[in-house]
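What follows is the content of start-v2.pdb (PDB, C-alpha atoms).
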```pdb
ATOM      1  CA  MET M   1       0.000   0.000   0.000
ATOM      2  CA  MET M   2       1.293   3.474  -0.894
ATOM      3  CA  SER M   3       2.123   5.833   1.959
ATOM      4  CA  SER M   4       0.517   9.239   2.387
ATOM      5  CA  SER M   5       3.610  10.829   0.808
ATOM      6  CA  TYR M   6       2.529   9.180  -2.454
ATOM      7  CA  LEU M   7      -1.243   9.396  -2.073
ATOM      8  CA  ALA M   8      -1.346  13.092  -1.150
ATOM      9  CA  PRO M   9       0.158  14.409  -4.421
ATOM     10  CA  LEU M  10      -1.893  11.867  -6.370
ATOM     11  CA  TRP M  11      -5.088  13.164  -4.789
ATOM     12  CA  VAL M  12      -4.133  16.813  -5.286
ATOM     13  CA  SER M  13      -3.264  16.141  -8.930
ATOM     14  CA  LEU M  14      -6.472  14.189  -9.511
ATOM     15  CA  ARG M  15      -8.641  16.991  -8.162
ATOM     16  CA  THR M  16      -6.655  19.616 -10.030
ATOM     17  CA  VAL M  17      -6.625  17.780 -13.356
ATOM     18  CA  LEU M  18     -10.327  16.913 -13.342
ATOM     19  CA  THR M  19     -11.390  20.430 -12.361
ATOM     20  CA  ALA M  20      -9.022  22.099 -14.813
ATOM     21  CA  THR M  21     -10.086  19.786 -17.633
ATOM     22  CA  VAL M  22     -13.786  20.540 -17.125
ATOM     23  CA  ILE M  23     -13.093  24.289 -17.138
ATOM     24  CA  THR M  24     -10.781  24.022 -20.141
ATOM     25  CA  PHE M  25     -13.285  21.851 -22.029
ATOM     26  CA  PHE M  26     -16.139  24.367 -21.898
ATOM     27  CA  LEU M  27     -13.922  27.441 -22.164
ATOM     28  CA  GLY M  28     -12.025  26.004 -25.123
ATOM     29  CA  ILE M  29     -15.171  24.997 -26.983
ATOM     30  CA  LEU M  30     -16.850  28.354 -26.336
ATOM     31  CA  ILE M  31     -13.918  30.470 -27.494
ATOM     32  CA  ALA M  32     -12.925  28.208 -30.394
ATOM     33  CA  ARG M  33     -16.485  28.199 -31.728
ATOM     34  CA  GLY M  34     -16.722  31.965 -31.378
ATOM     35  CA  MET M  35     -13.467  32.497 -33.252
ATOM     36  CA  VAL M  36     -14.670  30.321 -36.129
ATOM     37  CA  ARG M  37     -18.246  31.572 -36.170
ATOM     38  CA  TRP M  38     -17.458  35.288 -36.013
ATOM     39  CA  PRO M  39     -14.147  35.982 -37.773
ATOM     40  CA  GLY M  40     -12.783  39.516 -37.643
ATOM     41  CA  LYS M  41      -9.656  41.618 -37.911
ATOM     42  CA  ILE M  42      -8.947  41.247 -34.210
ATOM     43  CA  ASN M  43      -9.067  37.449 -34.383
ATOM     44  CA  SER M  44      -5.390  37.126 -35.280
ATOM     45  CA  VAL M  45      -4.467  39.117 -32.181
ATOM     46  CA  LEU M  46      -6.800  37.063 -29.988
ATOM     47  CA  ASP M  47      -5.507  33.836 -31.515
ATOM     48  CA  SER M  48      -1.940  34.792 -30.593
ATOM     49  CA  LEU M  49      -3.067  35.708 -27.077
ATOM     50  CA  PHE M  50      -4.899  32.411 -26.555
ATOM     51  CA  THR M  51      -1.945  30.308 -27.708
ATOM     52  CA  LEU M  52       0.769  32.393 -26.021
ATOM     53  CA  PRO M  53       1.054  30.191 -22.882
ATOM     54  CA  MET M  54       2.059  27.286 -25.113
ATOM     55  CA  VAL M  55       5.252  28.986 -26.303
ATOM     56  CA  LEU M  56       6.204  30.936 -23.185
ATOM     57  CA  PRO M  57       8.397  29.346 -20.507
ATOM     58  CA  PRO M  58       6.125  28.019 -17.728
ATOM     59  CA  THR M  59       7.928  30.196 -15.178
ATOM     60  CA  VAL M  60       7.079  33.289 -17.218
ATOM     61  CA  VAL M  61       3.440  32.187 -17.306
ATOM     62  CA  GLY M  62       3.571  31.642 -13.557
ATOM     63  CA  TYR M  63       5.111  35.060 -12.994
ATOM     64  CA  GLY M  64       2.393  36.649 -15.097
ATOM     65  CA  LEU M  65      -0.239  34.888 -12.995
ATOM     66  CA  LEU M  66       1.481  36.170  -9.850
ATOM     67  CA  LEU M  67       1.261  39.711 -11.198
ATOM     68  CA  LEU M  68      -2.481  39.225 -11.688
ATOM     69  CA  PHE M  69      -3.403  37.211  -8.599
ATOM     70  CA  GLY M  70      -0.760  38.402  -6.113
ATOM     71  CA  VAL M  71      -1.574  40.709  -3.231
ATOM     72  CA  LYS M  72      -0.603  43.699  -5.373
ATOM     73  CA  GLY M  73      -2.228  42.413  -8.561
ATOM     74  CA  PRO M  74      -5.605  43.670  -9.819
ATOM     75  CA  ILE M  75      -7.395  40.352  -9.377
ATOM     76  CA  GLY M  76      -5.597  39.658  -6.102
ATOM     77  CA  LYS M  77      -6.705  43.007  -4.673
ATOM     78  CA  PHE M  78     -10.271  42.369  -5.784
ATOM     79  CA  LEU M  79     -10.350  38.922  -4.158
ATOM     80  CA  ALA M  80      -8.875  40.367  -0.974
ATOM     81  CA  LEU M  81     -11.992  42.499  -0.585
ATOM     82  CA  PHE M  82     -13.898  39.258   0.000
ATOM     83  CA  GLY M  83     -11.213  37.695   2.164
ATOM     84  CA  SER M  84     -10.091  35.306  -0.578
ATOM     85  CA  LYS M  85      -6.829  34.635  -2.334
ATOM     86  CA  VAL M  86      -5.381  32.368  -5.013
ATOM     87  CA  VAL M  87      -1.655  32.399  -4.292
ATOM     88  CA  PHE M  88      -0.508  29.300  -2.368
ATOM     89  CA  THR M  89      -3.969  27.717  -2.515
ATOM     90  CA  TRP M  90      -5.397  24.704  -4.338
ATOM     91  CA  TRP M  91      -7.235  27.015  -6.717
ATOM     92  CA  GLY M  92      -3.833  28.307  -7.737
ATOM     93  CA  THR M  93      -2.966  24.850  -9.047
ATOM     94  CA  VAL M  94      -6.236  24.772 -10.999
ATOM     95  CA  ILE M  95      -5.725  28.207 -12.548
ATOM     96  CA  ALA M  96      -2.153  27.372 -13.533
ATOM     97  CA  ALA M  97      -3.292  24.091 -15.110
ATOM     98  CA  VAL M  98      -6.120  25.791 -17.016
ATOM     99  CA  VAL M  99      -3.849  28.498 -18.419
ATOM    100  CA  VAL M 100      -1.187  26.108 -19.721
ATOM    101  CA  ALA M 101      -3.666  23.474 -20.990
ATOM    102  CA  PHE M 102      -6.099  25.860 -22.649
ATOM    103  CA  PRO M 103      -4.037  26.452 -25.840
ATOM    104  CA  LEU M 104      -4.091  22.725 -26.665
ATOM    105  CA  MET M 105      -7.845  22.506 -26.183
ATOM    106  CA  TYR M 106      -8.465  25.739 -28.060
ATOM    107  CA  MET M 107      -6.289  24.931 -31.080
ATOM    108  CA  THR M 108      -7.595  21.384 -31.457
ATOM    109  CA  ALA M 109     -11.238  22.398 -31.034
ATOM    110  CA  ARG M 110     -10.872  25.306 -33.428
ATOM    111  CA  GLY M 111      -9.313  23.058 -36.063
ATOM    112  CA  ALA M 112     -12.191  20.606 -35.611
ATOM    113  CA  PHE M 113     -14.837  23.326 -35.960
ATOM    114  CA  GLU M 114     -13.156  24.693 -39.089
ATOM    115  CA  GLN M 115     -13.516  21.251 -40.712
ATOM    116  CA  VAL M 116     -17.284  21.185 -40.213
ATOM    117  CA  ASP M 117     -19.220  21.646 -43.466
ATOM    118  CA  THR M 118     -20.982  25.000 -43.130
ATOM    119  CA  ASN M 119     -23.524  23.933 -45.772
ATOM    120  CA  VAL M 120     -24.931  21.374 -43.346
ATOM    121  CA  GLU M 121     -25.256  24.043 -40.659
ATOM    122  CA  ASP M 122     -26.899  26.478 -43.086
ATOM    123  CA  ALA M 123     -29.362  23.806 -44.173
ATOM    124  CA  ALA M 124     -30.415  23.303 -40.553
ATOM    125  CA  ARG M 125     -30.879  27.047 -40.114
ATOM    126  CA  THR M 126     -33.118  27.275 -43.187
ATOM    127  CA  LEU M 127     -35.283  24.573 -41.616
ATOM    128  CA  GLY M 128     -35.782  26.770 -38.565
ATOM    129  CA  ALA M 129     -33.173  25.384 -36.183
ATOM    130  CA  SER M 130     -31.813  27.889 -33.671
ATOM    131  CA  GLU M 131     -28.088  28.561 -33.360
ATOM    132  CA  TRP M 132     -28.066  26.671 -30.063
ATOM    133  CA  ARG M 133     -29.680  23.625 -31.642
ATOM    134  CA  VAL M 134     -27.422  23.779 -34.707
ATOM    135  CA  PHE M 135     -24.386  23.767 -32.463
ATOM    136  CA  TRP M 136     -25.435  20.889 -30.197
ATOM    137  CA  THR M 137     -27.002  18.635 -32.835
ATOM    138  CA  ILE M 138     -24.775  19.280 -35.872
ATOM    139  CA  THR M 139     -21.594  21.270 -35.229
ATOM    140  CA  LEU M 140     -20.420  19.599 -32.039
ATOM    141  CA  PRO M 141     -21.160  15.998 -33.128
ATOM    142  CA  LEU M 142     -19.274  16.540 -36.399
ATOM    143  CA  ALA M 143     -16.336  18.114 -34.564
ATOM    144  CA  TRP M 144     -16.463  15.645 -31.668
ATOM    145  CA  PRO M 145     -13.352  13.570 -32.571
ATOM    146  CA  GLY M 146     -11.200  16.689 -32.542
ATOM    147  CA  VAL M 147     -12.842  17.956 -29.372
ATOM    148  CA  VAL M 148     -12.164  14.656 -27.600
ATOM    149  CA  ALA M 149      -8.532  14.696 -28.746
ATOM    150  CA  GLY M 150      -8.140  18.243 -27.457
ATOM    151  CA  THR M 151      -9.690  17.295 -24.127
ATOM    152  CA  VAL M 152      -7.302  14.371 -23.647
ATOM    153  CA  LEU M 153      -4.313  16.535 -24.561
ATOM    154  CA  ALA M 154      -5.447  19.242 -22.152
ATOM    155  CA  LEU M 155      -5.913  16.654 -19.404
ATOM    156  CA  ALA M 156      -2.431  15.242 -19.955
ATOM    157  CA  ARG M 157      -0.914  18.728 -20.037
ATOM    158  CA  SER M 158      -2.685  19.612 -16.797
ATOM    159  CA  LEU M 159      -1.204  16.556 -15.115
ATOM    160  CA  GLY M 160       2.322  17.473 -16.200
ATOM    161  CA  GLU M 161       2.157  21.162 -15.301
ATOM    162  CA  PHE M 162       4.963  22.283 -12.982
ATOM    163  CA  GLY M 163       6.502  25.701 -13.625
ATOM    164  CA  ALA M 164       3.412  27.909 -13.431
ATOM    165  CA  THR M 165       2.024  25.809 -10.576
ATOM    166  CA  ILE M 166       5.003  26.180  -8.276
ATOM    167  CA  MET M 167       5.172  29.927  -9.042
ATOM    168  CA  LEU M 168       1.506  30.577  -8.259
ATOM    169  CA  ALA M 169       0.497  27.815  -5.844
ATOM    170  CA  GLY M 170       3.834  26.927  -4.294
ATOM    171  CA  ASN M 171       4.521  23.639  -2.552
ATOM    172  CA  VAL M 172       2.085  23.309   0.343
ATOM    173  CA  ALA M 173       1.980  19.645   1.382
ATOM    174  CA  GLY M 174      -1.438  18.095   0.961
ATOM    175  CA  LYS M 175      -2.860  21.231  -0.691
ATOM    176  CA  THR M 176      -0.815  22.365  -3.692
ATOM    177  CA  THR M 177       1.812  19.637  -4.011
ATOM    178  CA  THR M 178       0.910  18.038  -7.334
ATOM    179  CA  ILE M 179       2.774  15.037  -8.749
ATOM    180  CA  PRO M 180       5.308  17.132 -10.757
ATOM    181  CA  VAL M 181       5.991  19.307  -7.708
ATOM    182  CA  ALA M 182       6.365  16.186  -5.559
ATOM    183  CA  ILE M 183       8.839  14.742  -8.076
ATOM    184  CA  TYR M 184      10.885  17.941  -7.964
ATOM    185  CA  THR M 185      10.877  17.925  -4.164
ATOM    186  CA  ALA M 186      11.826  14.234  -4.031
ATOM    187  CA  ILE M 187      14.821  14.851  -6.289
ATOM    188  CA  LEU M 188      15.967  17.776  -4.152
ATOM    189  CA  THR M 189      15.734  15.687  -0.975
ATOM    190  CA  GLY M 190      17.434  12.655  -2.531
ATOM    191  CA  ASP M 191      14.354  10.426  -2.470
ATOM    192  CA  ASP M 192      15.072   8.766  -5.819
ATOM    193  CA  GLN M 193      12.574   5.941  -5.290
ATOM    194  CA  LYS M 194       9.662   8.316  -4.803
ATOM    195  CA  ALA M 195      10.726  10.421  -7.781
ATOM    196  CA  LEU M 196      10.958   7.307  -9.953
ATOM    197  CA  ILE M 197       7.569   5.898  -8.940
ATOM    198  CA  LEU M 198       5.746   9.199  -9.444
ATOM    199  CA  SER M 199       7.544   9.733 -12.766
ATOM    200  CA  LEU M 200       6.444   6.289 -13.949
ATOM    201  CA  ILE M 201       2.850   7.136 -13.031
ATOM    202  CA  VAL M 202       2.956  10.303 -15.129
ATOM    203  CA  LEU M 203       4.744   8.479 -17.945
ATOM    204  CA  GLY M 204       2.164   5.703 -17.974
ATOM    205  CA  PHE M 205      -0.701   8.149 -18.076
ATOM    206  CA  SER M 206       0.892  10.209 -20.855
ATOM    207  CA  ILE M 207       1.518   7.121 -23.001
ATOM    208  CA  SER M 208      -2.074   5.989 -22.417
ATOM    209  CA  ALA M 209      -3.371   9.423 -23.432
ATOM    210  CA  LEU M 210      -1.355   9.440 -26.662
ATOM    211  CA  GLY M 211      -2.436   5.885 -27.394
ATOM    212  CA  PHE M 212      -6.078   6.827 -26.890
ATOM    213  CA  ILE M 213      -5.768   9.778 -29.275
ATOM    214  CA  GLY M 214      -4.150   7.535 -31.910
ATOM    215  CA  TYR M 215      -6.928   4.954 -31.509
ATOM    216  CA  TRP M 216      -9.589   7.643 -31.693
ATOM    217  CA  LYS M 217      -8.131   9.048 -34.916
ATOM    218  CA  ARG M 218      -7.979   5.591 -36.530
ATOM    219  CA  ARG M 219     -11.529   4.895 -35.421
ATOM    220  CA  GLY M 220     -12.709   8.201 -36.868
ATOM    221  CA  LYS M 221     -11.022   7.522 -40.218
ATOM    222  CA  GLY M 222     -12.566   4.056 -40.323
ATOM    223  CA  THR M 223     -16.026   5.434 -39.624
ATOM    224  CA  ARG M 224     -15.712   8.104 -42.314
ATOM    225  CA  GLY M 225     -14.460   5.519 -44.805
ATOM    226  CA  LEU M 226     -17.418   3.259 -44.082
ATOM    227  CA  GLN M 227     -19.854   6.131 -44.502
ATOM    228  CA  THR M 228     -18.242   7.026 -47.832
ATOM    229  CA  GLU M 229     -18.567   3.460 -49.129
ATOM    230  CA  GLN M 230     -22.192   3.267 -48.050
ATOM    231  CA  GLY M 231     -22.907   6.642 -49.607
TER     232      GLY M 231
END
```
Structure translated into structure tokens:
Amino acid sequence: MMSSSYLAPLWVSLRTVLTATVITFFLGILIARGMVRWPGKINSVLDSLFTLPMVLPPTVVGYGLLLLFGVKGPIGKFLALFGSKVVFTWWGTVIAAVVVAFPLMYMTARGAFEQVDTNVEDAARTLGASEWRVFWTITLPLAWPGVVAGTVLALARSLGEFGATIMLAGNVAGKTTTIPVAIYTAILTGDDQKALILSLIVLGFSISALGFIGYWKRRGKGTRGLQTEQG
């Protein structure tokens, strides 16, 4: 049986990853759909902004979050009015995970929405379907393989997040110590066995996630090929 030193970071990571993935899922779909549905001159600027965390060093992302959520930051000051804070709390791990995972969800979902045949959507509109119904019954089902792939990638990225997390949430045992943070701490303290076991857990999950995405893509191609033959 694993000791609490193993279970605690596993539990923190599980809560963080699941919460961050749910937030990223809906936020990514909403923004990706909006960018595709209503293109404009400002979209290129927004697109760069949404994908920026993917190319910035995680520590820079974490520092930026500190500037926003710290005691002197605009959001931090606002939260302080209600006696709340984000820095060195579990919600800090969630926010860090959402920020770094969002670009993967956004880019994958946007690519999936751009592949949807607009003629099918327009046909539904001419038959009286509302935009809400068109999205849930036509757009999303057609883009679903890409959305699922983006969700899995975002989940895996959330699990592996370290730099922004330790900058914003720190390393509070049992509260903000995620698996990557626990691995870093174990290496610093010379606990090679713990670092190895936790690393293998992350490695196994990452391989499983990539394998699932590969299977999903092959399954999607097979389904489209079958529909083409029947058509």
Which residue out of M:Val172, M:Ala124, M:Met167, M:Leu155 has the minimum interatomic distance to Ser206 of chain M when all atoms listed in the file are used? M:Leu155
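For Gly92 of chain M, the list of residues within 6 Å, based on only C-alpha atoms and with local chain neighbours fewer than 4 positions off taken out, reads Val86, Val87, Leu168 and Ala169 of chain M.
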Smallest atom-to-atom distance to Leu104 of chain M: which of M:Gly160, M:Pro39, M:Pro53, M:Gly204, using all atoms listed in the file? M:Pro53
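Of the listed residues (M:Tyr6, M:Phe82, M:Phe50, M:Phe102), M:Phe102 comes nearest to Thr24 of chain M; the distances count only C-alpha atoms.
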Could you list, as a ChimeraX atom specification, every residue matched by the PyMOL selection byres ((chain M and resi 166) around 9) in this structure? /M:59,62,88,93,96,162-165,167-171,176-177,181
Take the residues just selected and output them with C-alpha atoms as a CSV table (one decimal), in the frame of the given file.
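Written output follows (again-v5.csv):
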```
chain,number,residue,atom,x,y,z
M,59,THR,CA,7.9,30.2,-15.2
M,62,GLY,CA,3.6,31.6,-13.6
M,88,PHE,CA,-0.5,29.3,-2.4
M,93,THR,CA,-3.0,24.8,-9.0
M,96,ALA,CA,-2.2,27.4,-13.5
M,162,PHE,CA,5.0,22.3,-13.0
M,163,GLY,CA,6.5,25.7,-13.6
M,164,ALA,CA,3.4,27.9,-13.4
M,165,THR,CA,2.0,25.8,-10.6
M,167,MET,CA,5.2,29.9,-9.0
M,168,LEU,CA,1.5,30.6,-8.3
M,169,ALA,CA,0.5,27.8,-5.8
M,170,GLY,CA,3.8,26.9,-4.3
M,171,ASN,CA,4.5,23.6,-2.6
M,176,THR,CA,-0.8,22.4,-3.7
M,177,THR,CA,1.8,19.6,-4.0
M,181,VAL,CA,6.0,19.3,-7.7
```
For the provided coordinates, the residues matched by the PyMOL selection byres ((chain M and resi 14) around 12) should be stated as a PDB file with C-alpha atoms, in the coordinates of the input.
```
ATOM      1  CA  LEU M   7      -1.243   9.396  -2.073  1.00  0.00           C
ATOM      2  CA  ALA M   8      -1.346  13.092  -1.150  1.00  0.00           C
ATOM      3  CA  PRO M   9       0.158  14.409  -4.421  1.00  0.00           C
ATOM      4  CA  LEU M  10      -1.893  11.867  -6.370  1.00  0.00           C
ATOM      5  CA  TRP M  11      -5.088  13.164  -4.789  1.00  0.00           C
ATOM      6  CA  VAL M  12      -4.133  16.813  -5.286  1.00  0.00           C
ATOM      7  CA  SER M  13      -3.264  16.141  -8.930  1.00  0.00           C
ATOM      8  CA  ARG M  15      -8.641  16.991  -8.162  1.00  0.00           C
ATOM      9  CA  THR M  16      -6.655  19.616 -10.030  1.00  0.00           C
ATOM     10  CA  VAL M  17      -6.625  17.780 -13.356  1.00  0.00           C
ATOM     11  CA  LEU M  18     -10.327  16.913 -13.342  1.00  0.00           C
ATOM     12  CA  THR M  19     -11.390  20.430 -12.361  1.00  0.00           C
ATOM     13  CA  ALA M  20      -9.022  22.099 -14.813  1.00  0.00           C
ATOM     14  CA  THR M  21     -10.086  19.786 -17.633  1.00  0.00           C
ATOM     15  CA  TRP M  90      -5.397  24.704  -4.338  1.00  0.00           C
ATOM     16  CA  THR M  93      -2.966  24.850  -9.047  1.00  0.00           C
ATOM     17  CA  VAL M  94      -6.236  24.772 -10.999  1.00  0.00           C
ATOM     18  CA  ALA M  97      -3.292  24.091 -15.110  1.00  0.00           C
ATOM     19  CA  LEU M 155      -5.913  16.654 -19.404  1.00  0.00           C
ATOM     20  CA  ALA M 156      -2.431  15.242 -19.955  1.00  0.00           C
ATOM     21  CA  SER M 158      -2.685  19.612 -16.797  1.00  0.00           C
ATOM     22  CA  LEU M 159      -1.204  16.556 -15.115  1.00  0.00           C
ATOM     23  CA  GLY M 160       2.322  17.473 -16.200  1.00  0.00           C
ATOM     24  CA  LYS M 175      -2.860  21.231  -0.691  1.00  0.00           C
ATOM     25  CA  THR M 176      -0.815  22.365  -3.692  1.00  0.00           C
ATOM     26  CA  THR M 177       1.812  19.637  -4.011  1.00  0.00           C
ATOM     27  CA  THR M 178       0.910  18.038  -7.334  1.00  0.00           C
ATOM     28  CA  ILE M 179       2.774  15.037  -8.749  1.00  0.00           C
ATOM     29  CA  VAL M 202       2.956  10.303 -15.129  1.00  0.00           C
ATOM     30  CA  PHE M 205      -0.701   8.149 -18.076  1.00  0.00           C
TER      31      PHE M 205
END
```
Would you pick out the contacts of Tyr184 of chain M at 8 Å or less, using only C-alpha atoms, so that residues sharing its chain but fewer than 4 positions from it are not included, and give the list as a PyMOL selection string? chain M and resi 180+188+195
If you count all atoms listed in the file, which residues fall within 8 Å of Tyr106 of chain M, apart from same-chain ones fewer than 6 positions away, as a PyMOL selection string? chain M and resi 28-29+31-32+50-51+150
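Here the question is which of M:Lys77, M:Val152, M:Val99, M:Val120 gets nearest to Met54 of chain M using only C-alpha atoms, and that residue is M:Val99.
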May I ask which of the residues M:Leu30, M:Val148, M:Ile95, M:Leu68 is the closest one to Phe212 of chain M, counting all atoms listed in the file?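 Nearest to Phe212 of chain M: M:Val148.
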For a test of reading the model, state the distance in Å between atom CA of Trp216 of chain M and atom CA of Phe113 of chain M, rounded to one decimal.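 One can read the atom CA of Trp216 of chain M to atom CA of Phe113 of chain M distance as 17.1 Å.
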Enclose all atoms of segment 184-199 of chain M listed in the file in an axis-aligned box, grow every side by 4 Å, and hand back centre and edge lengths in Å to one decimal, as AutoDock Vina command-line options.
```
--center_x 11.6 --center_y 11.9 --center_z -6.9 --size_x 19.7 --size_y 20.0 --size_z 19.8
```
Please measure the separation of atom CA of Ser199 of chain M and atom CA of Ala182 of chain M, giving the value in Å to one decimal. 9.7 Å
One decimal, in Å: what's the spacing between atom CA of Trp144 of chain M and atom CA of Ile213 of chain M?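 Atom-to-atom, atom CA of Trp144 of chain M to atom CA of Ile213 of chain M, that is 12.4 Å.
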If you count only C-alpha atoms, which residues fall within 12 Å of Gly76 of chain M, apart from same-chain ones fewer than 3 positions away, as a PyMOL selection string? chain M and resi 65-73+79-87+92+168
